[in-house]
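Engineer: So that we are looking at the same thing, I have put the structure below in structure tokens.
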Amino acid sequence: MSDIPLKPTRMQSEFSTDNLELLENDQVRPSAATSEEVPGTGQVHEKLHEDDKRKQPRWKTVLYKVLPFLENVEDLRRVTANNPLENSTHKYVNNVVVTSKYNFITFLPLNLFEQFLRVANVYFLFLIILQSIPQVSSVPLYSTLIPLLLVLAVTAIKDAFDDIKRHRSDYHVNNRPVEVLREGSVREVRWSNVVVGDVLRLERDDYVTADLLLISSSEPNSLVYVETAELDGETNLKVRQAVPVTAQLYDHVDQLADFNGYIECEPPNNRLNKFVGTLNYNGQQHSLDNEKIVLRGCRLRNTKWMYGVVIYAGHDTKLMQNSGRTKFKRTHLDFTVNKLVFSIFFYLIILLIFCFIGSMVFENIYGSRTDVKTFLVPTNTPFVLSIIQIFSNWIVLNTFIPISLYVTVEIIRLGLSLVINWDIKMYYEPNNVSAIARTTTLNEELGQIEYIFSDKTGTLTQNIMVFLKCSINGVRYGEITTNTNEKSEKKVSAIDFKSWNNYADQNFVYYDSDLLEKCRSLDPHCVEFFRILSLCHTIIPNEEDGVLQYNAQSPDEAALVGAAKNFGFVFKVRTPFIIQLLNVHTGMEEQYEVLHILDFNNERKRMSVIVKTEGKIMLYCKGADNVIFERLDRSTHQLMSITQDHLFDYANDGLRTLVVAKKEIDENEYKMWREEHHKASVLQNGRDQALDAVYEKIEKNLVLLGATAIEDKLQDGVPETIANLARANIKIWVLTGDKQETAVNIGYSSKLLTDDMTLFIVDKDVKEGVNQQLSEAKEQMEAAIHRAKSPDASGVDTTTSFGIVINGHSLSHGLKDDLKDLLLNTAEKCKAVICCRVTPLQKKKVVDMVKTGKKAVTLAIGDGANDVGMIKAAHIGVGISGQEGQQAVLASDYSFGQFRYLERLLLVHGRWSYHRMTIFLRYFFYKNFAFAFSQFIFAFICGFTAQPLYDPAYITFYNLIYTSTPVLAVAILDQDVDEKRGGNNPKLYLTGQRNENFSFVIFLRSLVKGIYVAFVIFFVLFGITFLDVMPNTKAEWDYQSFGLTASAALTFVVNLQIALDAYYLNIFFHVFVWGSMIAWFVVILILGSFQNFFSKYTYVAEHVLATPNFWFYVLLTCVIGLIPVTMFRSLTADLCPTRLHVIRSDKSDEIGEEEKLGGLKSRPSVKRSGYAYSHTKGFAKLIISGRIFGLSRDAMEKERIKRM
């Protein structure tokens, strides 16, 4: 018997060891991916410093050039453990994280400063200054001051509310408790009191406080297991290992307090997967890499405790470095409106020039009867008076540029955000997550998205693997059907595994009882099939509190071994040399001696295990179908053909497949092969290649047993969501760190890729190869598109669609300046683009490439810190909010619990928001042009003297009371079609993508409509009043009566216009429209009944309202002002109907079956591989070396010699 005890190692959940390579001399070698030098050469740090300079604001770059002594450049991080005095000389930042912008003292001045950086606010402040000069202004100061103060107040309240939430979040994070080793003892402090050089003690399930160098842990060889969901959205655990020299400190507080290791490493940066540094301790230098570092945002799992020394704290941590600077995002409509405001300003200048000329003419003809005292000397010359009149007319006509536009937009956006927040249909009950609009400035942009960039793990998928189907000895299992013509009828009910298997997982669901019956009857093929699944893997078992758990490096392995356990073949114990299984059906334990583990890698696409049992040496293998089939014995070709058909069906269902096979090895053959294996394993150069060649020799003449089909469980509704978004002409790019096979498999299962799609692969390592692949793909696409334009001779439509898959190393070349255009031009012809093995920086660069190259509106969606870059780079950033991993949510503009809610966010809320905002803008410019241009017409009557047509109170309240609430009701609640029709007709979304509802031409229409209404209001009243249209009414109206009556007509016309523009007339709309018109009567009667500060039109209303002229005029003006617009709209709907007109006229809400399925109709089966396996090379070394079990090298060597 072996001296190695059959004792399971205590671990939990899933873990992986990316790039961890153990050497024979008990040292940990830096990852192969780390090609940079240990700090000292300065090359790495110069590059990092250049990257930081490119990321910093432009004003800082200019400032540091002018005053270089202000720039604090950190070229090398130097930390001495347990020495706060020395570390303080470097002035490193503490662990306080501040994301808020203001405090109690700085809020008012800083907020006002930011608000007056907006040109509009400065413009109106200048007008207020002009209005304070009596010689210039004929309009009271409050008419502009009150709206400006309201704008500033509303914006300040909104900013304060947002910042209070940031303060609360900061307070919660900074006041978390953590144990710190100080003055020889462990004491509890707040996170905010942690500094660089502190030694921290963390316990299981604690969040990591700062970026730490791992010193020691409770696990064998000072391994720790951390969950990185906060960083990358993945819930499988990662393993980290301390330097052996510090692992000896264990949890001896006195030795840890004396630990004075000196660390030199790279300065703070945002590279999550790389670290370069050295540790100097006891006169020896030790290399440090990413496997020795535990990052802030991780969570300690499966480890009782650990100690670590703080290297980076607070904003220097990699988590915060990846958060980046928050950019203020503005919508395309914002830019359009700003351009239009500038055009209105020039239009205003033209009117002012016209007024100046008119004033000159008027003064020269009629002369001035008064002297005007200017700032210099009294004068009454026409030129000087006309110059002064320019400023006076400017004040009167200032409503051409409406100050209330900006505050109204903010209120509307806030309302639209609340509509999203309150949408119960976007509430994810299992995680208690509601949809949240984290910004209020981008709602209408949701209706104009052209490109979506999505992460895969945690965004499209649940990162859960489910054993769904299998093929054993040519027989399918897992097929559920109730059609008796195809298969004998079965009850579609889950098997109760727990009733006979104490090890069964309660969450495991399987329906096909035939497979269980075969296992219970000990069918040799089924027994051998599940035996392979129980033996051929690198899982570590852990039995804790009577519950057997598997610690798997990949979720695929966990699903396969878990399925074997549930079917009665329980993997119980592993040591470096022994695997012990329990056959629940017989009650017998089976023990296998592990001779070799032939590890997986991306080239081999398979793994094997060689075991010895009952005198037999067996090789068990699992891997990709094409790889295994090439190595099968000829006797299994018929079975291979049957299994291959099953695999094709599984692949078409979007399942991940593996083929399993075995081989019995002759004793002599094994001894010869073992000698070759030993020679290859001790080579200094070319060891990996030599081992692969040796593996190739033994993995031949295999006997096929069957195949597995695992579902990489998608989030609910992902295929339908992707299909409907594609119908809305939105292109979807998946950017993932997974390997190519996994990414392609998810592409098919999510229906991003379809079987009728021509798929191109770009995977070359060199620039020339990438250029060639992209060029060839582009040429084939263009040729296919050309053929599709003209049907062939048989009349068959040759239209096809394209997809492209790009590997990360190829993408690094494609993103360079000389290939970027080729990459973009090729990818834009594709309906689907998948970029695999990409880094967070590459994700961001891809988004930037499309933003700048296509001038398209982009959206990025993800769930981890590795998605933060692309979330912030895109026009719209969306975070998936789960139980873990909130970094993407914190950086996002919108968040919710499931990917499927993206469809509703865009096709319902986004389209509605775009429709509502555009109808508001059209109406707002229309009503202000009508108001301001009527003032301009009146200038011809008053001799261009800047005499206002309307009462100053009316000027103040026009945009605040009389016309504000109806447009708010429309802009927040209006629906051109209901949500059901909108969701069933994704092509309505094209309106926003093409910006059909608001453009410069539409703006000109609003301008013409406003001018037309102004002419109607003024000249109809002028005709009634001065042309004596109604001579027997005995009405004698003066200037104030004229202005009051005109204000009534204007109020009624513009409010009735918004009633005609609205599609959805609800109770709120009626209250606001009729309430606004009633408000006009209430205000003028109240203000006109006594002398007051606001209104000078005292007692005018009583006189005007008593005359029939008033009522006749208002009615006539409404008819003349509204009928032409109504007729034009009706004719347009009849003669040139839009897509919206057609859908609104169709009373049926139902659509065709294909439309309901989002275009997911059945297609002919296509023979393709469903292989996908998320295993990582190198993990078998941890098992064979014994280090993961806490065994020394001497103990392992003795055991090996004993077994020879």
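Ordering of the structure tokens sets the chain letters (A, B, ...); residue numbers start at 1 within each chain; ligands are numbered from 1 in the order shown.
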Considering only C-alpha atoms, return as a compact mmCIF listing (two decimals) with C-alpha atoms, in the first residue's frame whatever protein or nucleic-acid residues lie within 12 Å of Val1016 of chain A, sequence-local ones (same chain, fewer than 3 positions apart) excluded.
Structural biologist:
```txt
# COMPACT_ATOMS: atom_id res chain seq x y z
CA ALA A 930 -44.22 81.74 -32.70
CA PHE A 931 -43.69 83.72 -29.49
CA PHE A 933 -41.38 86.23 -34.09
CA SER A 934 -44.67 87.89 -33.08
CA ILE A 937 -43.50 91.72 -36.20
CA LYS A 1009 -44.73 76.74 -38.63
CA GLY A 1010 -43.79 79.14 -35.83
CA ILE A 1011 -43.47 82.08 -38.21
CA TYR A 1012 -46.80 81.21 -39.80
CA VAL A 1013 -48.55 81.12 -36.42
CA PHE A 1019 -52.39 90.14 -38.39
CA VAL A 1020 -55.75 88.54 -37.61
CA LEU A 1021 -55.82 90.58 -34.41
CA PHE A 1022 -54.58 93.64 -36.26
CA GLY A 1023 -57.40 93.25 -38.77
CA ILE A 1024 -60.09 92.84 -36.12
CA ALA A 1046 -52.55 88.16 -28.59
CA ALA A 1049 -54.47 83.31 -28.85
CA LEU A 1050 -50.84 82.25 -28.70
CA VAL A 1053 -52.93 77.72 -30.44
CA TYR A 1113 -60.49 86.36 -32.52
CA VAL A 1114 -59.27 83.45 -30.39
CA LEU A 1115 -61.54 80.98 -32.19
CA LEU A 1116 -60.61 82.31 -35.64
CA THR A 1117 -56.91 82.24 -34.85
CA CYS A 1118 -57.07 78.62 -33.66
CA VAL A 1119 -58.84 77.55 -36.85
CA ILE A 1120 -56.50 79.40 -39.22
CA GLY A 1121 -53.38 78.42 -37.26
CA LEU A 1122 -54.12 74.70 -36.97
CA PRO A 1124 -53.24 73.81 -42.59
```
Engineer: Against segment 902-910 of chain A, which residues of segment 435-509 of chain A fall within 10 Å? For each one I want the closest pair of atoms and the distance in Å (one decimal), counting only C-alpha atoms, rows by chain and increasing residue number, as JSON lines.
Structural biologist:
```
{"residue": "A:Ala435", "atom": "CA", "partner": "A:Leu905", "partner_atom": "CA", "distance": 9.2}
{"residue": "A:Leu442", "atom": "CA", "partner": "A:Gly910", "partner_atom": "CA", "distance": 9.5}
{"residue": "A:Asn443", "atom": "CA", "partner": "A:Gly910", "partner_atom": "CA", "distance": 6.4}
{"residue": "A:Glu444", "atom": "CA", "partner": "A:Gly910", "partner_atom": "CA", "distance": 6.0}
{"residue": "A:Glu445", "atom": "CA", "partner": "A:Gly910", "partner_atom": "CA", "distance": 7.0}
{"residue": "A:Leu446", "atom": "CA", "partner": "A:Gly910", "partner_atom": "CA", "distance": 4.2}
{"residue": "A:Gly447", "atom": "CA", "partner": "A:Gly910", "partner_atom": "CA", "distance": 4.0}
{"residue": "A:Gln448", "atom": "CA", "partner": "A:Gly910", "partner_atom": "CA", "distance": 7.6}
{"residue": "A:Ile449", "atom": "CA", "partner": "A:Leu906", "partner_atom": "CA", "distance": 7.9}
```
Engineer: How far is it from atom CA of Ser810 of chain A to atom CA of Val770 of chain A, in Å with one decimal?
Structural biologist: 6.1 Å
Engineer: Report as a ChimeraX atom specification: the residues of segment 220-283 of chain A with a DSSP assignment of helix (DSSP H, G or I), based on the backbone of this structure.
Structural biologist: /A:220-222,229-232,244-247,253-258
Engineer: Report the distance between atom CA of Gln591 of chain A and atom CA of Ile617 of chain A in Å, rounded to one decimal place.
Structural biologist: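 About the pair atom CA of Gln591 of chain A and atom CA of Ile617 of chain A: they are 12.9 Å apart.
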Engineer: Of the candidates A:Gln684, A:Ser608, A:Asn601, A:Asn984, which shows the shortest atom-to-atom distance to Glu720 of chain A, using only C-alpha atoms?
Structural biologist: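 Between A:Gln684, A:Ser608, A:Asn601, A:Asn984, the residue approaching Glu720 of chain A most closely is A:Asn984.
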Engineer: Near Arg168 of chain A, counting only C-alpha atoms, which residues have an atom at most 12 Å away, once you skip same-chain residues fewer than 6 positions from it, shown as a PyMOL selection string?
Structural biologist: chain A and resi 97-100+161-162+174-175
Engineer: Out of segment 581-805 of chain A, which residues get strand (DSSP E) from DSSP, as a ChimeraX atom specification?
Structural biologist: /A:581-583,588-598,606-613,616-623,656-665,703-714,731-735,757-762,801-805
Engineer: Would you mind listing what lies within 12 Å of Glu410 of chain A as a list of chain:residue names, with only C-alpha atoms counted and same-chain residues fewer than 3 positions away left out?
Structural biologist: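 Final neighbour list, sorted by chain and number: A:Leu150, A:Val151, A:Leu152, A:Ala153, A:Val154, A:Thr155, A:Ala156, A:Ile157, A:Lys158, A:Asp159, A:Asp334, A:Ser404, A:Leu405, A:Tyr406, A:Val407, A:Arg413, A:Leu414, A:Gly415, A:Leu416, A:Ser417, A:Thr439, A:Thr440, A:Thr441, A:Leu442, A:Asn443, A:Met917, A:Leu968, A:Ala971, A:Ile972.
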Engineer: Pull C-alpha atoms from the residues just selected and write them as an mmCIF file, in the first residue's frame.
Structural biologist:
```cif
data_model
loop_
_atom_site.group_PDB
_atom_site.id
_atom_site.type_symbol
_atom_site.label_atom_id
_atom_site.label_comp_id
_atom_site.auth_asym_id
_atom_site.auth_seq_id
_atom_site.Cartn_x
_atom_site.Cartn_y
_atom_site.Cartn_z
ATOM 1 C CA LEU A 150 -34.722 77.928 -11.921
ATOM 2 C CA VAL A 151 -32.348 76.279 -14.406
ATOM 3 C CA LEU A 152 -29.404 76.598 -12.024
ATOM 4 C CA ALA A 153 -31.433 75.365 -9.055
ATOM 5 C CA VAL A 154 -32.864 72.301 -10.810
ATOM 6 C CA THR A 155 -29.446 71.306 -12.152
ATOM 7 C CA ALA A 156 -27.789 71.868 -8.771
ATOM 8 C CA ILE A 157 -30.403 69.767 -6.963
ATOM 9 C CA LYS A 158 -29.942 66.947 -9.476
ATOM 10 C CA ASP A 159 -26.132 67.096 -9.152
ATOM 11 C CA ASP A 334 -27.494 67.147 -27.879
ATOM 12 C CA SER A 404 -36.081 76.899 -20.481
ATOM 13 C CA LEU A 405 -35.044 74.435 -23.221
ATOM 14 C CA TYR A 406 -32.201 73.048 -21.141
ATOM 15 C CA VAL A 407 -34.037 72.734 -17.846
ATOM 16 C CA ARG A 413 -34.818 62.964 -19.131
ATOM 17 C CA LEU A 414 -35.347 62.520 -15.422
ATOM 18 C CA GLY A 415 -38.936 61.468 -16.104
ATOM 19 C CA LEU A 416 -37.865 59.020 -18.803
ATOM 20 C CA SER A 417 -35.284 57.558 -16.408
ATOM 21 C CA THR A 439 -27.666 58.503 -15.858
ATOM 22 C CA THR A 440 -30.431 60.842 -16.987
ATOM 23 C CA THR A 441 -28.723 62.267 -20.045
ATOM 24 C CA LEU A 442 -28.750 59.422 -22.565
ATOM 25 C CA ASN A 443 -32.303 58.083 -22.774
ATOM 26 C CA MET A 917 -37.621 63.802 -27.170
ATOM 27 C CA LEU A 968 -43.829 67.449 -20.374
ATOM 28 C CA ALA A 971 -42.361 64.006 -23.702
ATOM 29 C CA ILE A 972 -42.610 61.593 -20.770
#
```
Engineer: Mind pulling up the distance from atom CA of Ile464 of chain A to atom CA of Val584 of chain A?
Structural biologist: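 Between atom CA of Val584 of chain A and atom CA of Ile464 of chain A the gap works out to 25.9 Å.
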Engineer: So that I can see what lies close to Gly943 of chain A, please list as an MDAnalysis selection string the residues with an atom at most 9 Å from it, counting only C-alpha atoms and leaving out residues fewer than 3 positions away in the same chain.
Structural biologist: chainID A and resid 358:359 362:363 938:940 946:947
Engineer: Pick from A:Arg1005, A:Pro966, A:Arg911, A:Gln935: nearest to Pro986 of chain A, with only C-alpha atoms counted?
Structural biologist: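 Checking each of A:Arg1005, A:Pro966, A:Arg911, A:Gln935 against Pro986 of chain A, counting only C-alpha atoms, the winner is A:Arg911.
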Engineer: Please determine, counting only C-alpha atoms, which residue among A:Asp625, A:Asp951, A:Glu664, A:Asp505 has the shortest atom-to-atom distance to Asp645 of chain A.
Structural biologist: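 Of A:Asp625, A:Asp951, A:Glu664, A:Asp505, the one nearest Asp645 of chain A is A:Asp625, counting only C-alpha atoms.
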